[in-house]
Amino acid sequence: MKELDPNKIALELVKQFYKPIFDGVSKMTKDGCDKLKVTLNACFYKYISRSYDRYSRTKTLLYRDAPVKINEFYVRTDLELGFDHKIKESDFISELQKNKRLVISGTAGSGKSTFCKSVLLDLIENPIGIFPIFVELRHLNSDSETSLFDFILKTLTEIESTFTKSQLDYSLDLGKVLLIFDGFDELNNELRERYEKEIVGIASKYQNILLLLSSRPDGRFHSWEEFYVYKVLPLDKEKSKALISKLDYDRQVKRKFLDVLDKKLYEKHESFASNPLLLTMMLLTYEQIAEIPNKIHLFYEQAFLTLFNKHDSLKSLYKRKSFSNLPLDDFRKLLSAFSIVSYSDRKYYFSEVEIKRYLENALRISGVEVDQVHFLNDLLDTVCIMQRDGNGYTFTHRSFQEYFTSIFIVNYASDNKFKIIDKIAFVNDRDDVIPMIYDINQDFLEQEWVIPRMEKMINELSIIPDTKEGKAKLLSMMYKGLTTIDNEGEFSIAFRLYSREGDHTRFVHILFKIYGDEFHQYYRTQRDIDESDEVKEARKQLVELIIKGDGKEHDFLSLEDTCSMPSEVITLIYNSKCYCHVNTNLNFSKEKLSSLREIYTCKQKELSELLFG
């Protein structure tokens, strides 16, 4: 394949971009127009060239020693809009031009970030007059005083210092700019609502702008009226085979793996084989284990053991040199300690100073004695769990940080287990730390955290009286306010969460993740949905009231002070029965709590009888 010249394609794209600018600035003076032309040409040309150079190559689990071109190993996934509208990856740019504001939603390892990078590369390599600006939202966690607009401006002015705020404003208004916001789920919880408002505000202000945002699934996106939510589809068998075929890996191992993947492995382990990250890990571990484990935590453990013991991705397998010379158990303990202290601070990107501080903390709480520089070198070059990213460091994939955080909690947390789990659970309730702990040791999680958490929630919610005012109060304890969802002109009631950590709504969401099948079965059999004319009319009136707003914000009815809420609004809330799902969740929790208590009482009794007779 012919090597692309990033400078040449950057210049072509910039030419396409600034032509309509000068077509539309006839009222400007010649001097002003010339200055704008010079500045835009310099800034966007340099930005395109630098972005192409940065995002066209990456390091992965398999490509540790040198970055490799994304298009040499990446297979772009198909998408789904709604429940039955499948979009082929080759049609995505057309879909972007048509719908303008898109959310790419996918689980860990599904390739969301690489998908976004591939879109950026596509627009640079095959210019159609759309200028992409790539924003990694996780960097806002350490720059949270900066607005999103100013952060974008800062990104550009670091390349061309004369670029101004008014020029960015004008560029966005033209509709030839695509803002790619990568990793909304990596924003700290307390920052999400603020940046959510700014993203929605930017979409509203600039009518023609193109926006693409990636994230793990989050219900808030359905209330973003102008955005289309696309789900990343799992790889089908052909795409899985195509991905493996593209990887630069031992040919003999790859040939054998492709054969078994085609004959039985894909169907037997589809949940793993259809996920790009996990599929790559399957290839990694293929020669080391005879059977792929069914449980996700065992799968991660096997991948770690392979990386720790003898993986080299570009050659045949052999024993790698360790810098720290730590035995496996100490290495795992220290890595787990590093993971939990960084994860609890929501740290996904580390500067030089930060990674030293977190390594020092990990050494202290683990009790392992080793040179931190040697350990960091092992993380980077021996096991490839972390990688250099610009002037800092990141985990090769954030799911490794979640896995080793769960390992620390299960294996190494001694005191204050409830407090530790409770803090970690709400760092990011869209993550998989709690489900991973549940997968590793269900009894531990249920006894140490789920049961006491359920007791706390039930005690607080059960004292609310079964009255009109009581139902409004019940909603206020779960949600900050009511908003609406527009489903093709049909508006329905939606709920806005508090930004506080650890509230009952987020706990219920976690219960859904670990008891999903039980929850869905209970909903089917227990939830009473009233569709009477009176309830429909009340919902319609409540929707109209919400859209009108509470005087401070459009399309929002605050629940933070129900005591001063007008009685007619209280009545509408009660008559609409929008609180029914809270009752269902509460009743499920009561039954589940009773069941868990009975199970563990019986287990303790049986254990005592077996041991003591």
# chains A, B, ... in the order shown; residues from 1 in each chain; ligands from 1
>>> residues_around(residues="Tyr479 of chain A", least_positions_apart="3", cutoff="8 Å", atoms="only C-alpha atoms", output="ChimeraX atom specification")
/A:475-476,482,495-498,505,559
>>> write_last_selection(atoms="all heavy atoms", output="short mmCIF file (atom, residue, chain, number, x, y, z; two decimals), in the first residue's frame")
data_model
loop_
_atom_site.label_atom_id
_atom_site.label_comp_id
_atom_site.auth_asym_id
_atom_site.auth_seq_id
_atom_site.Cartn_x
_atom_site.Cartn_y
_atom_site.Cartn_z
N LEU A 475 -39.74 10.33 44.76
CA LEU A 475 -39.04 10.66 43.52
C LEU A 475 -37.87 11.59 43.78
O LEU A 475 -36.79 11.45 43.19
CB LEU A 475 -40.00 11.30 42.52
CG LEU A 475 -40.87 10.36 41.67
CD1 LEU A 475 -41.78 11.17 40.77
CD2 LEU A 475 -40.01 9.42 40.83
N SER A 476 -38.05 12.56 44.69
CA SER A 476 -37.00 13.54 44.97
C SER A 476 -35.79 12.90 45.63
O SER A 476 -34.67 13.41 45.52
CB SER A 476 -37.55 14.66 45.87
OG SER A 476 -37.71 14.23 47.20
N LEU A 482 -37.38 16.11 36.77
CA LEU A 482 -38.02 15.45 35.64
C LEU A 482 -37.70 16.21 34.36
O LEU A 482 -37.68 17.44 34.34
CB LEU A 482 -39.54 15.39 35.84
CG LEU A 482 -40.05 14.73 37.13
CD1 LEU A 482 -41.58 14.77 37.17
CD2 LEU A 482 -39.56 13.30 37.26
N PHE A 495 -35.99 11.11 33.67
CA PHE A 495 -35.53 11.48 35.01
C PHE A 495 -34.07 11.93 34.95
O PHE A 495 -33.25 11.28 34.30
CB PHE A 495 -35.69 10.31 35.97
CG PHE A 495 -37.09 9.76 36.01
CD1 PHE A 495 -37.49 8.77 35.12
CD2 PHE A 495 -38.02 10.24 36.91
CE1 PHE A 495 -38.78 8.27 35.12
CE2 PHE A 495 -39.31 9.75 36.93
CZ PHE A 495 -39.70 8.77 36.04
N ARG A 496 -33.77 13.00 35.67
CA ARG A 496 -32.40 13.49 35.72
C ARG A 496 -31.78 13.15 37.06
O ARG A 496 -32.35 13.43 38.12
CB ARG A 496 -32.34 15.00 35.49
CG ARG A 496 -30.92 15.55 35.37
CD ARG A 496 -30.91 17.01 34.99
NE ARG A 496 -31.45 17.22 33.66
CZ ARG A 496 -31.60 18.43 33.10
NH1 ARG A 496 -31.27 19.51 33.79
NH2 ARG A 496 -32.08 18.54 31.89
N LEU A 497 -30.58 12.56 37.02
CA LEU A 497 -29.91 12.12 38.23
C LEU A 497 -29.25 13.29 38.96
O LEU A 497 -28.88 14.30 38.36
CB LEU A 497 -28.82 11.09 37.90
CG LEU A 497 -29.26 9.74 37.33
CD1 LEU A 497 -28.05 8.92 36.98
CD2 LEU A 497 -30.13 9.00 38.32
N TYR A 498 -29.07 13.11 40.26
CA TYR A 498 -28.20 14.00 41.01
C TYR A 498 -26.75 13.73 40.61
O TYR A 498 -26.41 12.63 40.17
CB TYR A 498 -28.34 13.76 42.52
CG TYR A 498 -29.64 14.24 43.12
CD1 TYR A 498 -30.67 13.35 43.40
CD2 TYR A 498 -29.83 15.59 43.41
CE1 TYR A 498 -31.86 13.78 43.96
CE2 TYR A 498 -31.01 16.03 43.98
CZ TYR A 498 -32.03 15.13 44.26
OH TYR A 498 -33.20 15.56 44.81
N THR A 505 -30.29 5.70 43.33
CA THR A 505 -30.56 5.41 41.92
C THR A 505 -29.37 4.71 41.28
O THR A 505 -29.53 3.75 40.52
CB THR A 505 -30.88 6.70 41.16
OG1 THR A 505 -31.94 7.39 41.82
CG2 THR A 505 -31.30 6.40 39.73
N LEU A 559 -37.04 18.60 41.47
CA LEU A 559 -37.66 17.87 42.57
C LEU A 559 -36.92 18.11 43.89
O LEU A 559 -37.20 17.44 44.89
CB LEU A 559 -37.66 16.36 42.27
CG LEU A 559 -38.54 15.89 41.11
CD1 LEU A 559 -38.25 14.42 40.80
CD2 LEU A 559 -40.02 16.08 41.43
#
>>> closest_atom_pairs(of="segment 175-246 of chain A", to="segment 328-345 of chain A", cutoff="12 Å", atoms="only C-alpha atoms", output="CSV")
residue,atom,partner,partner_atom,distance
A:Glu186,CA,A:Tyr343,CA,11.0
A:Leu187,CA,A:Asp345,CA,11.6
A:Asn188,CA,A:Asp345,CA,9.1
A:Asn189,CA,A:Asp345,CA,11.3
>>> write_last_selection(atoms="C-alpha atoms", output="mmCIF file, in the first residue's frame")
data_model
loop_
_atom_site.group_PDB
_atom_site.id
_atom_site.type_symbol
_atom_site.label_atom_id
_atom_site.label_comp_id
_atom_site.auth_asym_id
_atom_site.auth_seq_id
_atom_site.Cartn_x
_atom_site.Cartn_y
_atom_site.Cartn_z
ATOM 1 C CA GLU A 186 -14.113 8.866 31.283
ATOM 2 C CA LEU A 187 -15.202 12.243 32.640
ATOM 3 C CA ASN A 188 -15.518 12.344 36.414
ATOM 4 C CA ASN A 189 -19.125 11.941 37.597
#
>>> atom_distance(atom1="atom CA of Asp517 of chain A", atom2="atom CA of Val433 of chain A")
18.9 Å
>>> select_by_dssp(residues="segment 374-437 of chain A", states="alpha helix (DSSP H)", output="count of residues only")
32
>>> closest_residue(among="A:Arg524, A:Lys69, A:Lys295, A:Lys176", to="Asn441 of chain A", atoms="only C-alpha atoms")
A:Lys295
>>> closest_residue(among="A:Leu102, A:Leu379, A:Cys602, A:Ile48", to="Glu125 of chain A", atoms="only C-alpha atoms")
A:Ile48
>>> residues_around(residues="Gln442 of chain A", least_positions_apart="5", cutoff="12 Å", atoms="only C-alpha atoms", output="PDB file with N, CA, C and O atoms, in the first residue's frame")
ATOM      1  N   VAL A 410     -11.113  -7.871  46.410  1.00  0.00           N
ATOM      2  CA  VAL A 410     -11.428  -9.244  46.815  1.00  0.00           C
ATOM      3  C   VAL A 410     -10.286  -9.883  47.597  1.00  0.00           C
ATOM      4  O   VAL A 410     -10.503 -10.540  48.615  1.00  0.00           O
ATOM      5  N   ILE A 434     -17.747  -3.583  39.921  1.00  0.00           N
ATOM      6  CA  ILE A 434     -18.639  -4.345  40.808  1.00  0.00           C
ATOM      7  C   ILE A 434     -19.092  -5.657  40.162  1.00  0.00           C
ATOM      8  O   ILE A 434     -19.042  -6.710  40.807  1.00  0.00           O
ATOM      9  N   PRO A 435     -19.518  -5.670  38.892  1.00  0.00           N
ATOM     10  CA  PRO A 435     -19.822  -6.960  38.261  1.00  0.00           C
ATOM     11  C   PRO A 435     -18.626  -7.911  38.251  1.00  0.00           C
ATOM     12  O   PRO A 435     -18.797  -9.133  38.367  1.00  0.00           O
ATOM     13  N   MET A 436     -17.409  -7.371  38.109  1.00  0.00           N
ATOM     14  CA  MET A 436     -16.219  -8.221  38.132  1.00  0.00           C
ATOM     15  C   MET A 436     -16.018  -8.830  39.511  1.00  0.00           C
ATOM     16  O   MET A 436     -15.694 -10.017  39.644  1.00  0.00           O
ATOM     17  N   ILE A 437     -16.206  -8.025  40.581  1.00  0.00           N
ATOM     18  CA  ILE A 437     -16.105  -8.548  41.947  1.00  0.00           C
ATOM     19  C   ILE A 437     -17.155  -9.635  42.159  1.00  0.00           C
ATOM     20  O   ILE A 437     -16.878 -10.693  42.745  1.00  0.00           O
ATOM     21  N   GLN A 447     -22.342 -10.239  50.955  1.00  0.00           N
ATOM     22  CA  GLN A 447     -22.319 -10.103  52.414  1.00  0.00           C
ATOM     23  C   GLN A 447     -21.670  -8.800  52.869  1.00  0.00           C
ATOM     24  O   GLN A 447     -22.128  -8.187  53.844  1.00  0.00           O
ATOM     25  N   GLU A 448     -20.625  -8.382  52.167  1.00  0.00           N
ATOM     26  CA  GLU A 448     -19.893  -7.200  52.607  1.00  0.00           C
ATOM     27  C   GLU A 448     -20.530  -5.898  52.136  1.00  0.00           C
ATOM     28  O   GLU A 448     -20.341  -4.860  52.773  1.00  0.00           O
ATOM     29  N   TRP A 449     -21.277  -5.937  51.025  1.00  0.00           N
ATOM     30  CA  TRP A 449     -21.751  -4.663  50.470  1.00  0.00           C
ATOM     31  C   TRP A 449     -23.221  -4.668  50.054  1.00  0.00           C
ATOM     32  O   TRP A 449     -23.976  -3.775  50.448  1.00  0.00           O
ATOM     33  N   VAL A 450     -23.646  -5.662  49.278  1.00  0.00           N
ATOM     34  CA  VAL A 450     -25.005  -5.624  48.739  1.00  0.00           C
ATOM     35  C   VAL A 450     -26.045  -5.637  49.857  1.00  0.00           C
ATOM     36  O   VAL A 450     -26.972  -4.801  49.866  1.00  0.00           O
ATOM     37  N   ILE A 451     -25.917  -6.554  50.815  1.00  0.00           N
ATOM     38  CA  ILE A 451     -26.910  -6.649  51.895  1.00  0.00           C
ATOM     39  C   ILE A 451     -26.967  -5.383  52.732  1.00  0.00           C
ATOM     40  O   ILE A 451     -28.051  -4.805  52.912  1.00  0.00           O
ATOM     41  N   ILE A 514     -25.804  -6.672  38.100  1.00  0.00           N
ATOM     42  CA  ILE A 514     -25.414  -7.978  38.642  1.00  0.00           C
ATOM     43  C   ILE A 514     -26.590  -8.950  38.771  1.00  0.00           C
ATOM     44  O   ILE A 514     -26.390 -10.155  38.828  1.00  0.00           O
ATOM     45  N   TYR A 515     -27.816  -8.407  38.820  1.00  0.00           N
ATOM     46  CA  TYR A 515     -28.998  -9.277  38.915  1.00  0.00           C
ATOM     47  C   TYR A 515     -29.939  -9.019  37.738  1.00  0.00           C
ATOM     48  O   TYR A 515     -31.159  -9.041  37.887  1.00  0.00           O
ATOM     49  N   LEU A 596     -31.478 -13.189  50.250  1.00  0.00           N
ATOM     50  CA  LEU A 596     -30.050 -13.243  50.576  1.00  0.00           C
ATOM     51  C   LEU A 596     -29.822 -13.548  52.047  1.00  0.00           C
ATOM     52  O   LEU A 596     -28.940 -14.349  52.399  1.00  0.00           O
ATOM     53  N   TYR A 600     -27.693 -16.899  53.364  1.00  0.00           N
ATOM     54  CA  TYR A 600     -26.458 -16.862  54.159  1.00  0.00           C
ATOM     55  C   TYR A 600     -26.668 -17.348  55.587  1.00  0.00           C
ATOM     56  O   TYR A 600     -25.725 -17.849  56.213  1.00  0.00           O
TER      57      TYR A 600
END
>>> residues_around(residues="His397 of chain A", least_positions_apart="2", cutoff="9 Å", atoms="only C-alpha atoms", output="PyMOL selection string")
chain A and resi 60-61+108-109+277+385-386+394-395+399-401
>>> residues_around(residues="Lys246 of chain A", least_positions_apart="6", cutoff="10 Å", atoms="only C-alpha atoms", output="NGL selection string")
:A and (71-75)
>>> write_last_selection(atoms="N, CA, C and O atoms", output="mmCIF file, in the first residue's frame")
data_model
loop_
_atom_site.group_PDB
_atom_site.id
_atom_site.type_symbol
_atom_site.label_atom_id
_atom_site.label_comp_id
_atom_site.auth_asym_id
_atom_site.auth_seq_id
_atom_site.Cartn_x
_atom_site.Cartn_y
_atom_site.Cartn_z
ATOM 1 N N ASN A 71 -5.027 1.426 10.354
ATOM 2 C CA ASN A 71 -5.670 0.721 9.232
ATOM 3 C C ASN A 71 -5.006 -0.605 8.899
ATOM 4 O O ASN A 71 -5.494 -1.357 8.063
ATOM 5 N N GLU A 72 -3.883 -0.915 9.555
ATOM 6 C CA GLU A 72 -3.233 -2.199 9.325
ATOM 7 C C GLU A 72 -3.756 -3.294 10.250
ATOM 8 O O GLU A 72 -3.456 -4.471 10.037
ATOM 9 N N PHE A 73 -4.489 -2.909 11.291
ATOM 10 C CA PHE A 73 -5.018 -3.945 12.191
ATOM 11 C C PHE A 73 -6.480 -3.746 12.557
ATOM 12 O O PHE A 73 -7.116 -4.658 13.084
ATOM 13 N N TYR A 74 -7.065 -2.582 12.229
ATOM 14 C CA TYR A 74 -8.408 -2.282 12.716
ATOM 15 C C TYR A 74 -9.470 -2.671 11.699
ATOM 16 O O TYR A 74 -9.329 -2.423 10.499
ATOM 17 N N VAL A 75 -10.531 -3.291 12.208
ATOM 18 C CA VAL A 75 -11.721 -3.595 11.400
ATOM 19 C C VAL A 75 -12.872 -2.804 12.000
ATOM 20 O O VAL A 75 -13.291 -3.059 13.129
#
>>> decode(residues="segment 210-248 of chain A", atoms="N, CA and C atoms", output="short mmCIF file (atom, residue, chain, number, x, y, z; two decimals), in the first residue's frame")
data_model
loop_
_atom_site.label_atom_id
_atom_site.label_comp_id
_atom_site.auth_asym_id
_atom_site.auth_seq_id
_atom_site.Cartn_x
_atom_site.Cartn_y
_atom_site.Cartn_z
N LEU A 210 -21.16 19.59 13.02
CA LEU A 210 -21.18 18.14 13.11
C LEU A 210 -20.53 17.73 14.43
N LEU A 211 -21.18 16.83 15.16
CA LEU A 211 -20.68 16.38 16.46
C LEU A 211 -20.69 14.85 16.52
N LEU A 212 -19.60 14.28 17.01
CA LEU A 212 -19.51 12.83 17.21
C LEU A 212 -18.94 12.59 18.61
N LEU A 213 -19.68 11.86 19.44
CA LEU A 213 -19.27 11.61 20.82
C LEU A 213 -19.27 10.11 21.08
N SER A 214 -18.23 9.61 21.75
CA SER A 214 -18.17 8.19 22.10
C SER A 214 -18.29 8.01 23.60
N SER A 215 -18.91 6.91 24.02
CA SER A 215 -19.09 6.67 25.45
C SER A 215 -19.57 5.24 25.66
N ARG A 216 -19.40 4.76 26.89
CA ARG A 216 -20.12 3.57 27.29
C ARG A 216 -21.60 3.93 27.41
N PRO A 217 -22.49 2.94 27.40
CA PRO A 217 -23.93 3.25 27.44
C PRO A 217 -24.30 4.14 28.62
N ASP A 218 -25.16 5.12 28.37
CA ASP A 218 -25.61 6.05 29.40
C ASP A 218 -26.99 6.56 28.99
N GLY A 219 -27.96 6.40 29.89
CA GLY A 219 -29.34 6.77 29.58
C GLY A 219 -29.54 8.24 29.30
N ARG A 220 -28.60 9.09 29.73
CA ARG A 220 -28.78 10.54 29.54
C ARG A 220 -28.82 10.93 28.07
N PHE A 221 -28.17 10.13 27.21
CA PHE A 221 -28.09 10.51 25.81
C PHE A 221 -29.47 10.54 25.14
N HIS A 222 -30.40 9.78 25.67
CA HIS A 222 -31.73 9.74 25.06
C HIS A 222 -32.49 11.05 25.26
N SER A 223 -32.05 11.87 26.21
CA SER A 223 -32.70 13.17 26.42
C SER A 223 -32.00 14.28 25.65
N TRP A 224 -30.94 13.96 24.93
CA TRP A 224 -30.27 14.96 24.09
C TRP A 224 -31.05 15.04 22.77
N GLU A 225 -31.91 16.01 22.67
CA GLU A 225 -32.93 16.02 21.62
C GLU A 225 -32.38 15.96 20.20
N GLU A 226 -31.24 16.61 19.94
CA GLU A 226 -30.74 16.68 18.57
C GLU A 226 -29.78 15.54 18.22
N PHE A 227 -29.53 14.64 19.17
CA PHE A 227 -28.52 13.59 18.97
C PHE A 227 -29.15 12.25 18.62
N TYR A 228 -28.50 11.54 17.72
CA TYR A 228 -28.85 10.17 17.38
C TYR A 228 -27.89 9.23 18.08
N VAL A 229 -28.41 8.25 18.79
CA VAL A 229 -27.58 7.33 19.56
C VAL A 229 -27.38 6.04 18.76
N TYR A 230 -26.14 5.80 18.36
CA TYR A 230 -25.78 4.61 17.59
C TYR A 230 -25.07 3.63 18.51
N LYS A 231 -25.49 2.39 18.46
CA LYS A 231 -24.88 1.34 19.27
C LYS A 231 -23.84 0.58 18.44
N VAL A 232 -22.65 0.40 19.03
CA VAL A 232 -21.61 -0.41 18.37
C VAL A 232 -22.03 -1.87 18.40
N LEU A 233 -22.15 -2.47 17.23
CA LEU A 233 -22.57 -3.87 17.16
C LEU A 233 -21.37 -4.79 17.39
N PRO A 234 -21.61 -5.96 17.98
CA PRO A 234 -20.52 -6.94 18.13
C PRO A 234 -20.01 -7.36 16.76
N LEU A 235 -18.75 -7.78 16.72
CA LEU A 235 -18.21 -8.31 15.47
C LEU A 235 -18.91 -9.61 15.10
N ASP A 236 -19.35 -9.73 13.86
CA ASP A 236 -19.84 -11.03 13.43
C ASP A 236 -18.64 -11.93 13.13
N LYS A 237 -18.89 -13.17 12.79
CA LYS A 237 -17.78 -14.11 12.61
C LYS A 237 -16.81 -13.65 11.52
N GLU A 238 -17.35 -13.14 10.43
CA GLU A 238 -16.49 -12.72 9.32
C GLU A 238 -15.61 -11.55 9.70
N LYS A 239 -16.16 -10.59 10.44
CA LYS A 239 -15.36 -9.45 10.88
C LYS A 239 -14.32 -9.89 11.92
N SER A 240 -14.69 -10.83 12.79
CA SER A 240 -13.73 -11.35 13.76
C SER A 240 -12.55 -12.02 13.05
N LYS A 241 -12.86 -12.81 12.05
CA LYS A 241 -11.79 -13.47 11.29
C LYS A 241 -10.95 -12.44 10.52
N ALA A 242 -11.61 -11.41 10.01
CA ALA A 242 -10.88 -10.37 9.28
C ALA A 242 -9.93 -9.63 10.21
N LEU A 243 -10.37 -9.37 11.43
CA LEU A 243 -9.50 -8.69 12.41
C LEU A 243 -8.27 -9.52 12.71
N ILE A 244 -8.47 -10.81 13.00
CA ILE A 244 -7.35 -11.69 13.31
C ILE A 244 -6.40 -11.79 12.11
N SER A 245 -6.96 -11.87 10.92
CA SER A 245 -6.15 -11.99 9.70
C SER A 245 -5.23 -10.79 9.51
N LYS A 246 -5.68 -9.60 9.94
CA LYS A 246 -4.90 -8.38 9.74
C LYS A 246 -3.77 -8.23 10.75
N LEU A 247 -3.87 -8.93 11.89
CA LEU A 247 -2.88 -8.76 12.95
C LEU A 247 -1.52 -9.33 12.56
N ASP A 248 -0.48 -8.59 12.88
CA ASP A 248 0.89 -9.04 12.63
C ASP A 248 1.31 -9.92 13.80
#
